[in-house]
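Engineer: Okay, here's the structure, questions in a sec.
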Amino acid sequence: MSQDLLIEIGCEEIPARFIDQAVTQLGNLTEKWLDQERIQFRMLKTYATPRRLAVLVKEVAQTQADQTEEVRGPALRIAQAQDGSWSPAAQGFARKQGVTVDELEIREHKGEKYIFAIRHEVGISTSSLVQSKFVQVLQAIQFPSTMRWGDRHRFVRPIRWLVALYGEEMIPLKWAGLEAGRQTVGHRFLGKEISLSSASCYVEALAAESVIVDVKERKEKIVAQIEELARQYDCNIPIDPGLLQEVTHLVEYPTALVGSFDQKFLVLPKKVLTTTMREHQRYFPVENTKGELLPLFVTVRNGDKRSLELVKRGNEKVLQARLADAQFFYLEDRKLSIDAAVKQLDRIIFREKLGSMGDRVRRIYAIVTELGERFHLDQTSQKQLQRAAHICKFDLATQMVDEFSKLEGYMGYIYAKEAGEDERVARAIDEHHAPRTANDQLPTDILGALLSLADKMDTIAASFGIGVHPSGSQDPYGLRRRALGVVQILLDQSEIELTYHDLIQISLRILEQEELLKEDRSKVELSLLEFFRMRVRSIQLEQQIRYDVVDALLKNDQEPLSYRFQKAAFLEQKLGQEQFKWEVEAFTRTANIVQSQKAQVAQLLPEQLTEPAEKELYEALLQAEVSQRAADQAQNPEAAYQAIQKMAPVIHRFFDQILVMVEDEAIRTNRLALLKSVMDCTISFANFQEIVFPQEESVLS
Amino acid sequence: MNLQQMIMTLHQYWSKQGCILVQPYDVEKGAGTLNPMTFLRALGPEPWNVAYVEPSRRPADGRYGENPNRLFQHHQYQIIMKPAPDNIQEIYLESLRQIGIEPLDHDIRFVEDNWENPTFGAAGLGWEVWMDGMEITQFTYFQQVGGIETQPVSVEITFGLERLATYIQDTDDVYSLEWVENVKYGEVFQQAEYEHSKYTFELSRTELLFQLFNEYEREAERILAEGIVFPAYDYILKCSHTFNLLDAKGAISVTERTGYIQRVRRLAKMCAKAFVQAREKLGYPLLKTEEEEQI
């Protein structure tokens, strides 16, 4: 007879942001553990509230499956003496495997006879396995940060009770200084401590104590309540999914309610109001049908309808005070001139070892000035760009941003507009933060785009320059996200024809001038290039571009990204063609022979080429270089490929007729030099050695 | 319930929970945590339960007595229990009931908040406790103090008294709070608020403060070298407060700022270490008492 298995970890309030991943781990680890222990079950479901993580496994077999295991021991010639008696090696093996020597069997393995122990394991009862081994699962749950309490226990927050039930049977497993039982705890205020009669009554028993343990059910309940309020108040309440998830994990029994605030605060910029409500108070802002904010908010209480009016008044009072603060900041900030704010940036630290925000702004200014000149921005735009760079961080010195860091950029835009800055300049201040997340909107204007590139590149290069690199899951300064942003902008603003290689050069030069490079420049440059290659690679792979094509173009650092993506599309389309394979063979053969040489390849001396086939190749190379340059200029991948394609038959002919590795050193080195030049020419299109063709059947058999 | 009644109620309740009621410490500090009754006593194996009111100075928050809720000096009600009792959350919630906050009539939540005071090498995990959306308590399990890992772990519970009182007395302005019948908060503190702000932002002599910082630092170090802890700690507190005054006045540049924080942190760590050694040398007297009690 199978029974349900329930495990519940009762905890002091778990941070909302950790709950999903924790309960997913609990589910996955439990499933893995059951499989590993050969315990059959029908299905598994997890539950979570701020105070508990639980897993309920349905119809779990009473005992684990029996198992027959064959363990191979020493070879027979070692195990048995001439007279047929068992050697000490055989006896030791039998003892270790828990069988008698008489039970040993002799079998063949790879043409040699061995002794085998056949062990029949009768399944142990599920409850005793849970008792003795399930702690492994509990211990394996990981959190981004944990704490210590009591007798050196460690978890996300102190664990206060444990439930382990198999059917009606209690499993007193021991963990974190506690012994599991059937006692669980209801809602902190609406419920009480109860004793669960069986695992299967878990959900209902806690529901009776005002705890909705099912995350989905709780979330749906909140949504339904908010929708009901929207109907009642005839308004629109947008439900932000992130906020909904957080709120779901802040309550065990939700009751949504509407509160209001003074209409006078509606003069504040919309984002100031929504940020105050969302970020600080976890409220849902309320809008009319036109999308304009109403002086209302929705909060979700962890409790029932008792004294709802009091709860509402309390929340209103808090919001009122916060908005009064925001309004005060708004008024005060506007008294501060933008230039005075910029001066204050010298007093705000950017990062240890990297100086102040003022220093950083001066670096960004230097970068964009160079970028603007390079792209021949018209004089007005160049001036706007420099102004935007000069003031791009001024809002950091405002009280509003000090209080609401998420409004950085947005407040810059609002204040700059109010101070009479040009619209484009103001917009660039906001847009230079974009994209803020992987799927965020990109800067729409070239000024914002250039400023964003400079800002992100400076952060990345400066960090690498002091030896701060992201590693594994660690990326405290969001360098990967920033680099991805750089790549996205470069792709989006393809007309500026800038490469990350250029950006790296410019940033490093400026950092070097400021003596902020603490590591060897060429080393920093290499790791930066590699860092950006990996970002491009991940974008291309995400777009389903074949990995070998991606890798063939990986090191084309010095060409615009849009061109690289066009090349990728071109190559993918080429891959199916028989002719292409033959051409690639010519290129890779050239590269292979050049790369197999340890010595540095000498300078090519064209006048010393004597054989017709080598002369012909040289001529083909010269032509290829010329047409390739033109094609690259026009960013035409097809023409660029045609340029080198024409060398392919000549290369094949060359290898048919010419022996490269001749005795005569002068001839040999000159031929290698020729091939090196040919290779350089083909590699500037792509590294064809990376391209993988399906193996022909003849090769397989 | 006026402020004085609030304090007396909390005193009575936490005293019943086994806390020693100590008095505010007489050296300037930015938070109750820096009282040696917390900062030093949270270290080491000895059990320790205290509760006290701590006047806490935050020069940068001075507003000339004009802002309804930002103060140069506010009051914290601070509880330390080492080791943290298993039912500390329930004990805490009961203290709310004592001052008239019935959780069933409110929305009480424990919202993640990890506390850190890098200047004193202290950090902990816990929550801010919300009542109807208002933060009323900082609830922290100390993990590290003075750069030393705490064992056993203490719980620190801190109420901002003014904020809680504005809620209980239903006012928007700290200055109109009733301290006792017929005496308003403003009547007790507003002049001091104005004058301290005036001094901090306008009258303080930067050169003198820098000089004092250096002297306090030197003195703390000199005494620590003698293995003397408490007087040295007083000078570290003075360093910290002097730094806060300078910082509020904008006298410390970015590049210098980190340096000053590091100087205080270095001393705080040395002091924490010296305290632990001194207690060990004394044979952890409080630990013994407990064992004897058990016998």
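We name chains A, B, ... following the order of the structure tokens; residues begin at 1 in each chain, and ligands are numbered from 1 as shown.
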Hey, could you make a per-residue contact list for chain A against chain B with 8 Å as the cut-off, showing the nearest pair of atoms and its distance in Å to one decimal, counting only C-alpha atoms, sorted by chain and number, as a Markdown table?
Structural biologist:
```
| residue | atom | partner | partner_atom | distance |
| --- | --- | --- | --- | --- |
| A:Glu13 | CA | B:Phe110 | CA | 6.2 |
| A:Ile14 | CA | B:Glu112 | CA | 7.6 |
| A:Pro15 | CA | B:Glu112 | CA | 5.1 |
| A:Ala16 | CA | B:Glu112 | CA | 7.6 |
| A:Met147 | CA | B:Leu125 | CA | 6.7 |
| A:Arg148 | CA | B:Gln143 | CA | 6.9 |
| A:Trp149 | CA | B:Val153 | CA | 5.5 |
| A:Gly150 | CA | B:Val153 | CA | 6.5 |
| A:Asp151 | CA | B:Pro152 | CA | 7.1 |
| A:Arg152 | CA | B:Pro152 | CA | 7.7 |
| A:Arg157 | CA | B:Gly126 | CA | 7.7 |
| A:Arg160 | CA | B:Asp86 | CA | 7.3 |
| A:Phe189 | CA | B:Leu104 | CA | 6.0 |
| A:Leu190 | CA | B:Leu104 | CA | 7.3 |
| A:Leu250 | CA | B:Arg109 | CA | 7.5 |
| A:Gln281 | CA | B:Gly133 | CA | 6.2 |
| A:Arg301 | CA | B:Asp107 | CA | 5.7 |
| A:Asn302 | CA | B:Asp107 | CA | 6.0 |
| A:Gly303 | CA | B:Asp107 | CA | 6.8 |
| A:Arg306 | CA | B:Asp105 | CA | 6.3 |
| A:Ser307 | CA | B:Asp105 | CA | 5.1 |
| A:Leu308 | CA | B:Asp105 | CA | 7.6 |
| A:Leu310 | CA | B:His106 | CA | 7.0 |
| A:Val311 | CA | B:His106 | CA | 5.4 |
| A:Lys312 | CA | B:Asp132 | CA | 7.4 |
| A:Gly314 | CA | B:Asp132 | CA | 5.3 |
| A:Asn315 | CA | B:Asp132 | CA | 5.1 |
| A:Val318 | CA | B:Met134 | CA | 5.9 |
| A:Asp346 | CA | B:Val254 | CA | 7.2 |
| A:Arg347 | CA | B:Val254 | CA | 5.0 |
| A:Ile348 | CA | B:Val254 | CA | 6.1 |
| A:Ile349 | CA | B:Val254 | CA | 5.6 |
| A:Gly355 | CA | B:Thr255 | CA | 7.0 |
| A:Ser356 | CA | B:Val254 | CA | 6.6 |
```
Engineer: Enter the distance from CA of Trp161 (chain A) to CA of Gln183 (chain A), in Å, rounded to one decimal.
Structural biologist: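 If I compute the distance from CA of Trp161 (chain A) to CA of Gln183 (chain A), I get 7.8 Å.
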Engineer: Per DSSP on the backbone, what are the strand (DSSP E or B) residues of region 118-174 of chain B, as a ChimeraX atom specification?
Structural biologist: /B:122-131,134-145,148-149,155-160
Engineer: Quick one: residues within 7 Å of Tyr233 (chain B), only C-alpha atoms counted, chain neighbours fewer than 3 positions away excluded, as a PyMOL selection string?
Structural biologist: chain B and resi 220+229-230+236-237+271
Engineer: Limited to N, CA, C and O atoms, could you put the picked residues into a file as a PDB file, in the first residue's frame?
Structural biologist:
```
ATOM      1  N   ALA B 220      42.996  56.081  21.710  1.00  0.00           N
ATOM      2  CA  ALA B 220      42.392  54.737  21.696  1.00  0.00           C
ATOM      3  C   ALA B 220      43.473  53.686  21.474  1.00  0.00           C
ATOM      4  O   ALA B 220      43.538  52.678  22.170  1.00  0.00           O
ATOM      5  N   VAL B 229      40.184  47.939  27.613  1.00  0.00           N
ATOM      6  CA  VAL B 229      39.197  47.922  26.552  1.00  0.00           C
ATOM      7  C   VAL B 229      38.189  49.067  26.610  1.00  0.00           C
ATOM      8  O   VAL B 229      38.047  49.842  25.668  1.00  0.00           O
ATOM      9  N   PHE B 230      37.477  49.187  27.737  1.00  0.00           N
ATOM     10  CA  PHE B 230      36.342  50.123  27.768  1.00  0.00           C
ATOM     11  C   PHE B 230      36.732  51.585  27.517  1.00  0.00           C
ATOM     12  O   PHE B 230      36.086  52.264  26.719  1.00  0.00           O
ATOM     13  N   ILE B 236      36.996  55.430  20.632  1.00  0.00           N
ATOM     14  CA  ILE B 236      36.603  55.017  19.272  1.00  0.00           C
ATOM     15  C   ILE B 236      35.227  55.607  18.942  1.00  0.00           C
ATOM     16  O   ILE B 236      34.995  56.114  17.841  1.00  0.00           O
ATOM     17  N   LEU B 237      34.336  55.580  19.940  1.00  0.00           N
ATOM     18  CA  LEU B 237      33.027  56.205  19.734  1.00  0.00           C
ATOM     19  C   LEU B 237      33.186  57.686  19.423  1.00  0.00           C
ATOM     20  O   LEU B 237      32.513  58.237  18.561  1.00  0.00           O
ATOM     21  N   CYS B 271      39.656  46.591  19.186  1.00  0.00           N
ATOM     22  CA  CYS B 271      38.980  46.680  20.476  1.00  0.00           C
ATOM     23  C   CYS B 271      38.149  45.416  20.733  1.00  0.00           C
ATOM     24  O   CYS B 271      38.158  44.847  21.830  1.00  0.00           O
TER      25      CYS B 271
END
```
Engineer: Excluding Gln262 (chain B) and its own-chain neighbours fewer than 5 positions away, which residues fall within 10 Å of it when counting only C-alpha atoms? Please give them as a VMD selection string.
Structural biologist: chain B and resid 118 to 121 256 to 257 267 to 268
Engineer: Please dump the current selection as a compact mmCIF listing (two decimals), in the first residue's frame; keep all heavy atoms.
Structural biologist:
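out_24.txt was written with the following content:
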```txt
# COMPACT_ATOMS: atom_id res chain seq x y z
N PRO B 118 29.54 48.87 8.35
CA PRO B 118 30.91 48.55 7.94
C PRO B 118 31.95 49.26 8.81
O PRO B 118 33.03 48.72 9.04
CB PRO B 118 30.98 49.01 6.49
CG PRO B 118 29.75 49.80 6.20
CD PRO B 118 28.76 49.52 7.29
N THR B 119 31.62 50.45 9.30
CA THR B 119 32.59 51.19 10.11
C THR B 119 32.97 50.39 11.35
O THR B 119 34.10 50.45 11.82
CB THR B 119 32.02 52.56 10.53
OG1 THR B 119 31.43 53.14 9.38
CG2 THR B 119 33.09 53.46 11.07
N PHE B 120 32.02 49.64 11.89
CA PHE B 120 32.31 48.87 13.10
C PHE B 120 32.43 47.36 12.82
O PHE B 120 32.39 46.54 13.72
CB PHE B 120 31.24 49.14 14.17
CG PHE B 120 31.51 50.45 14.90
CD1 PHE B 120 31.20 51.66 14.30
CD2 PHE B 120 32.11 50.46 16.15
CE1 PHE B 120 31.48 52.86 14.95
CE2 PHE B 120 32.39 51.66 16.79
CZ PHE B 120 32.07 52.86 16.19
N GLY B 121 32.57 47.04 11.55
CA GLY B 121 32.77 45.63 11.18
C GLY B 121 31.65 44.74 11.67
O GLY B 121 31.87 43.59 12.06
N GLU B 256 39.15 60.77 0.82
CA GLU B 256 39.53 60.66 2.23
C GLU B 256 38.53 59.80 3.01
O GLU B 256 38.88 59.15 3.98
CB GLU B 256 39.54 62.05 2.88
CG GLU B 256 40.65 62.94 2.39
CD GLU B 256 40.40 64.40 2.79
OE1 GLU B 256 39.22 64.80 2.89
OE2 GLU B 256 41.37 65.11 3.00
N ARG B 257 37.28 59.84 2.56
CA ARG B 257 36.19 59.24 3.32
C ARG B 257 36.48 57.77 3.68
O ARG B 257 36.45 57.38 4.84
CB ARG B 257 34.91 59.33 2.50
CG ARG B 257 33.69 59.33 3.35
CD ARG B 257 32.46 59.73 2.58
NE ARG B 257 31.34 59.70 3.51
CZ ARG B 257 30.72 58.59 3.83
NH1 ARG B 257 31.06 57.45 3.26
NH2 ARG B 257 29.74 58.61 4.72
N LEU B 267 40.37 50.30 14.48
CA LEU B 267 40.33 50.41 15.94
C LEU B 267 39.22 49.54 16.53
O LEU B 267 39.41 48.84 17.53
CB LEU B 267 40.11 51.86 16.36
CG LEU B 267 41.27 52.83 16.11
CD1 LEU B 267 40.83 54.24 16.42
CD2 LEU B 267 42.48 52.44 16.97
N ALA B 268 38.04 49.59 15.88
CA ALA B 268 36.91 48.83 16.40
C ALA B 268 37.25 47.34 16.43
O ALA B 268 36.91 46.62 17.37
CB ALA B 268 35.67 49.08 15.54
```
Engineer: Any idea what's packed within 12 Å of region 386-391 of chain A, counting only C-alpha atoms, ignoring anything in its chain fewer than 6 positions away? Could you give it as a PyMOL selection string?
Structural biologist: chain A and resi 337-345+357-373+377+379-380+397+409+412-413+415-416+421-432+446-455
Engineer: Got a sec: who's within 9 Å of Leu209 (chain B), counting only C-alpha atoms, leaving out chain neighbours fewer than 2 positions off, as a ChimeraX atom specification?
Structural biologist: /B:204-207,211-214,242-243,245-246
Engineer: Neighbours of Ala60 (chain B) within 8 Å (only C-alpha atoms; same-chain residues fewer than 3 positions away dropped), as a list in words?
Structural biologist: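 These residues fall inside the cut-off: Phe72, Asn244, Leu245, Asp247, Ala248 and Lys249 of chain B.
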Engineer: Please compute the CA of Ser627 (chain A)-CA of Ala640 (chain A) distance, one decimal, in Å.
Structural biologist: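 So the answer is 7.1 Å.
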Engineer: Using only C-alpha atoms, can you tell me which of A:Glu209, A:Asp656, A:Glu616, A:Glu31 comes closest to Ser195 (chain A)?
Structural biologist: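 Looking at the shortest contact to Ser195 (chain A), the residue is A:Glu209.
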Engineer: Check region 68-284 of chain B with DSSP on the backbone and list each residue it calls alpha helix (DSSP H), as a PyMOL selection string.
Structural biologist: chain B and resi 88-98+161-168+185-198+206-225+230-248+254-281
